[in-house]
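Note sheet for the following structure.
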Amino acid sequence: MEPAAGPETRHLLRRYMLGSVLEAERAQVEEKLFHDDSAFALLEETEDELIDDYLLGRLSKQERRQFEEHFLDSPRRRERLAATRLLLRPRPRRSFIWAAAASILVAGLGLLLYRQVELGGEVERLTAELRRERDALALLDKEIAGLRQPAAATISFLLRSGLTRAAARPVRIAIPAGEHLVQLDLERPEAAAAPSSFRIRVETVDGSQIWSQEGPRATIPSSLLPPNDYVLTLLGAGSGGVLEEIADYSFRVVGR
Amino acid sequence: MEVTLASRSAFEKLLAFLNDDRVRAGEEYERARRKLIIFFEGWRQGLLAPELADRTLDIVARRLEEGVHVKTESRMGFVLGVARNVLRDHLKTPKHTLIRTDVVSPAKKGSAGDAQRFHCFEHCMSRALSDLERELILSFYQEERRRKIENRSDMALRLGITPEALRSRMHRIRVKLETCVGGCMQSQRPNEE
């Protein structure tokens, strides 16, 4: 046998593997196989090449038949063939894998950033909405609390007409503690012609107006009537629409 | 086939016979076994080749224990001689004549073991090989597949090694991978009694 890596040796080893050697050649290869480790290494590599060539369609028709009938008559070689088939199956190229991974990473980061910005805006919007909801709720609570409170009691008093500011002793009005409505009914002096509309004005004795309303009677929140002397003036409008003073009513709110 | 294991002392003698250095002796033992398997495969005894190889080594060990003296330079010739005798005895048995051990279609796909093999293959690619080995063997075979022509010289040139060195390196990586795949598949196979 010629030097281990020579083409003739390679060809002989291929034929040996394919079972197409003469008896003398077989004996020659067997001797070399056992005595020369480099020849044995070459034989093992030849086995690799035959498997590769078979899977890649590089064998001649005859070699292919010998390969299938002789070479593969071994579970070990069939396992090797199966493993090599897995090595040869299409795989994404490493560069493609890295490119794909990088793309996914960039896209992921972009999405993350976008989501973060979007979420930031969303959080801001939701916070404002929450704040509005809380305010509305507080308002509702207040309204509900107000509704739950017992209605303010109305305390009525009758003021007599004809009492002048200077001469008459003012009517004493005692308003209990708490919020109340003070209703002041008026005894009107008789007049030749009844006015078509009325207006009431309430002032302190020093002339500060504290209340004014349409109608023949006054309903005033008690909070506006701290202890003091007051003058209520009843005004009436005739057919001409001009307001004229009809009567004055003095009253004193005393301490609670 | 009944294979009687040689005693421990006989096995020790076999190792010493293969190489004085214990570590190298283990490597020589594995190499001798691979040589024997290929030898028996050459005689179309692929199915029983591992068993016949073990039987050969067992007989060599017994003969050494019996006191047979073999010159150092003739030791592998001695192993080959025993292998030929084992083959001859084996072939004398009617059921072990020169017939194909089994017939398979090499292109057959989708067998029960395919999924298992694929799993083991991927497992071993990531676990048994180093990053460099994995990169080398993958790029080698992906290039081979794309070009479908002789690629080894070009690749060897790129790697700055000879085509022979590349072939040898690829073989070592393949053996490493296939050994792992074989062990993986064996470990996942149900006990065969």
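By order of appearance in the structure tokens: chains A, B, ..., then residues from 1 within every chain, and ligands from 1 in the order shown.
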
- Message: So that I can check the surroundings of Gln142 (chain B), please list as a count of residues only every protein, DNA and RNA residue that reaches within 8 Å of it, counting only C-alpha atoms and ignoring chain neighbours fewer than 2 positions away.
- Response: 11

| Do you know which residues are at most 9 Å from region 112-116 of chain B counting only C-alpha atoms, after dropping those on the same chain fewer than 4 positions away, and could you put them as number ranges by chain? | A: 82; B: 120-121, 184-185, 188

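Residues in contact range of region 210-224 of chain A, defined as at most 9 Å between only C-alpha atoms, with sequence neighbours fewer than 5 positions away removed, read Thr154, Ser156, Ile175, Gly178, Glu179, His180, Leu181, Val182, Gln183, Leu184, Asp185, Leu186, Arg188, Ser197, Phe198, Arg199, Ile200, Arg201, Val202, Glu203, Thr204, Leu232, Leu234, Leu235 and Gly236 of chain A.
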
Filtering to C-alpha atoms, could you give me those residues as a PDB file, in the first residue's frame?
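Here's the written file out-v7.pdb:
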```pdb
ATOM      1  CA  THR A 154     -88.838  77.558  59.137  1.00  0.00           C
ATOM      2  CA  SER A 156     -92.572  82.328  61.123  1.00  0.00           C
ATOM      3  CA  ILE A 175     -84.217  82.537  66.647  1.00  0.00           C
ATOM      4  CA  GLY A 178     -78.834  76.273  64.241  1.00  0.00           C
ATOM      5  CA  GLU A 179     -79.752  76.972  60.675  1.00  0.00           C
ATOM      6  CA  HIS A 180     -83.288  78.092  60.147  1.00  0.00           C
ATOM      7  CA  LEU A 181     -85.348  79.997  57.735  1.00  0.00           C
ATOM      8  CA  VAL A 182     -87.026  82.976  59.202  1.00  0.00           C
ATOM      9  CA  GLN A 183     -90.284  83.662  57.511  1.00  0.00           C
ATOM     10  CA  LEU A 184     -91.642  87.139  58.080  1.00  0.00           C
ATOM     11  CA  ASP A 185     -95.306  87.503  57.280  1.00  0.00           C
ATOM     12  CA  LEU A 186     -96.510  91.075  56.979  1.00  0.00           C
ATOM     13  CA  ARG A 188    -100.334  95.070  55.196  1.00  0.00           C
ATOM     14  CA  SER A 197     -96.414  93.150  42.757  1.00  0.00           C
ATOM     15  CA  PHE A 198     -94.384  93.458  45.919  1.00  0.00           C
ATOM     16  CA  ARG A 199     -90.780  93.699  46.900  1.00  0.00           C
ATOM     17  CA  ILE A 200     -89.267  93.418  50.329  1.00  0.00           C
ATOM     18  CA  ARG A 201     -86.064  94.952  51.482  1.00  0.00           C
ATOM     19  CA  VAL A 202     -84.397  94.319  54.841  1.00  0.00           C
ATOM     20  CA  GLU A 203     -81.830  96.639  56.304  1.00  0.00           C
ATOM     21  CA  THR A 204     -80.078  97.117  59.569  1.00  0.00           C
ATOM     22  CA  LEU A 232     -88.130  95.666  56.705  1.00  0.00           C
ATOM     23  CA  LEU A 234     -92.494  96.631  51.900  1.00  0.00           C
ATOM     24  CA  LEU A 235     -92.626  98.106  48.449  1.00  0.00           C
ATOM     25  CA  GLY A 236     -95.501  97.771  45.983  1.00  0.00           C
TER      26      GLY A 236
END
```

Using only C-alpha atoms, I'd like every residue of chain A that has an atom within 8 Å of chain B; please write them out as a PDB file with N, CA and C atoms, in the first residue's frame.
```pdb
ATOM      1  N   TYR A  16     -12.993  -0.559  -0.247  1.00  0.00           N
ATOM      2  CA  TYR A  16     -13.068  -1.502   0.880  1.00  0.00           C
ATOM      3  C   TYR A  16     -14.350  -1.254   1.680  1.00  0.00           C
ATOM      4  N   MET A  17     -14.612   0.011   1.926  1.00  0.00           N
ATOM      5  CA  MET A  17     -15.815   0.381   2.680  1.00  0.00           C
ATOM      6  C   MET A  17     -17.087   0.016   1.922  1.00  0.00           C
ATOM      7  N   GLY A  19     -17.300  -2.466  -0.066  1.00  0.00           N
ATOM      8  CA  GLY A  19     -17.359  -3.919  -0.269  1.00  0.00           C
ATOM      9  C   GLY A  19     -17.072  -4.334  -1.691  1.00  0.00           C
ATOM     10  N   GLU A  30      -6.896  -4.888   5.649  1.00  0.00           N
ATOM     11  CA  GLU A  30      -7.028  -5.342   7.032  1.00  0.00           C
ATOM     12  C   GLU A  30      -5.676  -5.270   7.760  1.00  0.00           C
ATOM     13  N   GLU A  31      -4.648  -5.696   7.067  1.00  0.00           N
ATOM     14  CA  GLU A  31      -3.316  -5.637   7.678  1.00  0.00           C
ATOM     15  C   GLU A  31      -2.946  -4.197   8.007  1.00  0.00           C
ATOM     16  N   LEU A  33      -4.919  -1.701   8.349  1.00  0.00           N
ATOM     17  CA  LEU A  33      -5.850  -1.186   9.360  1.00  0.00           C
ATOM     18  C   LEU A  33      -5.346  -1.470  10.777  1.00  0.00           C
ATOM     19  N   PHE A  34      -4.818  -2.681  10.977  1.00  0.00           N
ATOM     20  CA  PHE A  34      -4.400  -3.069  12.330  1.00  0.00           C
ATOM     21  C   PHE A  34      -2.986  -2.612  12.671  1.00  0.00           C
ATOM     22  N   HIS A  35      -2.147  -2.452  11.647  1.00  0.00           N
ATOM     23  CA  HIS A  35      -0.755  -2.126  11.950  1.00  0.00           C
ATOM     24  C   HIS A  35      -0.421  -0.650  11.850  1.00  0.00           C
ATOM     25  N   PHE A  40      -5.536   3.738   9.656  1.00  0.00           N
ATOM     26  CA  PHE A  40      -6.849   3.532  10.293  1.00  0.00           C
ATOM     27  C   PHE A  40      -7.605   4.867  10.404  1.00  0.00           C
ATOM     28  N   ALA A  41      -6.855   5.924  10.759  1.00  0.00           N
ATOM     29  CA  ALA A  41      -7.498   7.255  10.844  1.00  0.00           C
ATOM     30  C   ALA A  41      -8.035   7.658   9.476  1.00  0.00           C
ATOM     31  N   GLU A  44     -11.237   5.856   8.801  1.00  0.00           N
ATOM     32  CA  GLU A  44     -12.379   6.468   9.502  1.00  0.00           C
ATOM     33  C   GLU A  44     -12.839   7.747   8.797  1.00  0.00           C
ATOM     34  N   GLU A  45     -11.880   8.522   8.320  1.00  0.00           N
ATOM     35  CA  GLU A  45     -12.239   9.749   7.608  1.00  0.00           C
ATOM     36  C   GLU A  45     -12.893   9.423   6.263  1.00  0.00           C
ATOM     37  N   ASP A  48     -16.407   8.923   6.838  1.00  0.00           N
ATOM     38  CA  ASP A  48     -17.110  10.216   6.904  1.00  0.00           C
ATOM     39  C   ASP A  48     -17.428  10.720   5.499  1.00  0.00           C
ATOM     40  N   LEU A  56     -25.024  13.962  -0.181  1.00  0.00           N
ATOM     41  CA  LEU A  56     -24.965  15.118  -1.079  1.00  0.00           C
ATOM     42  C   LEU A  56     -25.056  14.716  -2.549  1.00  0.00           C
ATOM     43  N   ARG A  58     -23.112  12.751  -4.323  1.00  0.00           N
ATOM     44  CA  ARG A  58     -21.842  12.770  -5.046  1.00  0.00           C
ATOM     45  C   ARG A  58     -21.383  11.384  -5.480  1.00  0.00           C
ATOM     46  N   GLU A  68     -25.553   1.414  -0.229  1.00  0.00           N
ATOM     47  CA  GLU A  68     -26.801   1.008   0.414  1.00  0.00           C
ATOM     48  C   GLU A  68     -26.801  -0.481   0.764  1.00  0.00           C
ATOM     49  N   GLU A  69     -26.189  -1.274  -0.098  1.00  0.00           N
ATOM     50  CA  GLU A  69     -26.240  -2.725   0.128  1.00  0.00           C
ATOM     51  C   GLU A  69     -25.158  -3.215   1.089  1.00  0.00           C
ATOM     52  N   HIS A  70     -23.983  -2.628   1.015  1.00  0.00           N
ATOM     53  CA  HIS A  70     -22.876  -3.118   1.837  1.00  0.00           C
ATOM     54  C   HIS A  70     -22.561  -2.195   3.010  1.00  0.00           C
ATOM     55  N   LEU A  72     -24.133   0.257   4.419  1.00  0.00           N
ATOM     56  CA  LEU A  72     -25.179   0.497   5.426  1.00  0.00           C
ATOM     57  C   LEU A  72     -25.662  -0.789   6.093  1.00  0.00           C
ATOM     58  N   ASP A  73     -24.983  -1.877   5.827  1.00  0.00           N
ATOM     59  CA  ASP A  73     -25.339  -3.133   6.490  1.00  0.00           C
ATOM     60  C   ASP A  73     -24.734  -3.141   7.899  1.00  0.00           C
ATOM     61  N   SER A  74     -24.945  -2.063   8.586  1.00  0.00           N
ATOM     62  CA  SER A  74     -24.360  -1.885   9.924  1.00  0.00           C
ATOM     63  C   SER A  74     -25.165  -0.835  10.675  1.00  0.00           C
ATOM     64  N   PRO A  75     -25.717  -1.192  11.821  1.00  0.00           N
ATOM     65  CA  PRO A  75     -26.470  -0.199  12.608  1.00  0.00           C
ATOM     66  C   PRO A  75     -25.615   1.019  12.960  1.00  0.00           C
ATOM     67  N   ARG A  76     -24.356   0.774  13.237  1.00  0.00           N
ATOM     68  CA  ARG A  76     -23.473   1.889  13.599  1.00  0.00           C
ATOM     69  C   ARG A  76     -23.386   2.899  12.463  1.00  0.00           C
ATOM     70  N   ARG A  78     -25.484   3.269  10.026  1.00  0.00           N
ATOM     71  CA  ARG A  78     -26.785   3.896   9.774  1.00  0.00           C
ATOM     72  C   ARG A  78     -27.033   5.029  10.773  1.00  0.00           C
ATOM     73  N   ARG A  80     -24.686   6.801  12.049  1.00  0.00           N
ATOM     74  CA  ARG A  80     -23.811   7.894  11.608  1.00  0.00           C
ATOM     75  C   ARG A  80     -24.457   8.656  10.449  1.00  0.00           C
ATOM     76  N   ALA A  83     -27.150  10.875  11.803  1.00  0.00           N
ATOM     77  CA  ALA A  83     -26.597  12.054  12.489  1.00  0.00           C
ATOM     78  C   ALA A  83     -26.080  13.070  11.476  1.00  0.00           C
ATOM     79  N   LEU A  86     -28.746  15.080   9.930  1.00  0.00           N
ATOM     80  CA  LEU A  86     -29.156  16.203  10.792  1.00  0.00           C
ATOM     81  C   LEU A  86     -28.183  17.382  10.672  1.00  0.00           C
ATOM     82  N   LEU A  87     -26.908  17.043  10.495  1.00  0.00           N
ATOM     83  CA  LEU A  87     -25.923  18.116  10.332  1.00  0.00           C
ATOM     84  C   LEU A  87     -26.126  18.873   9.032  1.00  0.00           C
ATOM     85  N   LEU A  88     -26.607  18.144   8.032  1.00  0.00           N
ATOM     86  CA  LEU A  88     -26.750  18.745   6.706  1.00  0.00           C
ATOM     87  C   LEU A  88     -28.102  19.417   6.486  1.00  0.00           C
ATOM     88  N   ARG A  89     -29.005  19.263   7.413  1.00  0.00           N
ATOM     89  CA  ARG A  89     -30.315  19.863   7.175  1.00  0.00           C
ATOM     90  C   ARG A  89     -30.165  21.386   7.206  1.00  0.00           C
ATOM     91  N   PRO A  90     -31.001  22.057   6.441  1.00  0.00           N
ATOM     92  CA  PRO A  90     -30.871  23.521   6.389  1.00  0.00           C
ATOM     93  C   PRO A  90     -31.024  24.129   7.768  1.00  0.00           C
ATOM     94  N   ARG A  91     -30.128  25.003   8.062  1.00  0.00           N
ATOM     95  CA  ARG A  91     -30.180  25.725   9.330  1.00  0.00           C
ATOM     96  C   ARG A  91     -30.040  27.203   9.012  1.00  0.00           C
TER      97      ARG A  91
END
```

inquiry  = Show me, as a list in words, the residues that have an atom within 7 Å of Phe251 (chain A) when counting only C-alpha atoms, minus same-chain residues fewer than 6 positions from it.
reply    =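 The filter keeps Pro170, Val171, Arg172, Ile173, Asp229, Tyr230 and Val231 of chain A.
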
Dump of N, CA and C atoms for the selected residues, as a JSON list (two decimals), in the first residue's frame:
```json
[["chain", "number", "residue", "atom", "x", "y", "z"],
["A", 170, "PRO", "N", -89.73, 97.76, 68.50],
["A", 170, "PRO", "CA", -89.57, 96.68, 67.54],
["A", 170, "PRO", "C", -90.01, 95.33, 68.10],
["A", 171, "VAL", "N", -90.49, 94.53, 67.17],
["A", 171, "VAL", "CA", -90.87, 93.14, 67.51],
["A", 171, "VAL", "C", -89.61, 92.37, 67.83],
["A", 172, "ARG", "N", -89.67, 91.62, 68.91],
["A", 172, "ARG", "CA", -88.50, 90.80, 69.28],
["A", 172, "ARG", "C", -88.62, 89.43, 68.64],
["A", 173, "ILE", "N", -87.60, 89.07, 68.00],
["A", 173, "ILE", "CA", -87.59, 87.76, 67.34],
["A", 173, "ILE", "C", -86.47, 86.93, 67.95],
["A", 229, "ASP", "N", -81.00, 95.15, 65.40],
["A", 229, "ASP", "CA", -82.29, 95.75, 65.05],
["A", 229, "ASP", "C", -82.36, 95.91, 63.54],
["A", 230, "TYR", "N", -83.52, 95.58, 62.96],
["A", 230, "TYR", "CA", -83.65, 95.58, 61.50],
["A", 230, "TYR", "C", -84.93, 96.33, 61.12],
["A", 231, "VAL", "N", -84.92, 96.79, 59.89],
["A", 231, "VAL", "CA", -86.12, 97.44, 59.34],
["A", 231, "VAL", "C", -86.46, 96.76, 58.03]]
```

request  = Run DSSP on the backbone and give me the residues of region 53-186 of chain B it puts in alpha helix (DSSP H), as number ranges by chain.
outcome  = B: 53-65, 75-92, 112-127, 131-147, 152-159, 163-186

- In Å, rounded to a single decimal, give me how far CA of Ala237 (chain A) is from CA of Leu225 (chain A).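 Computed distance, CA of Leu225 (chain A) to CA of Ala237 (chain A), equals 26.6 Å.
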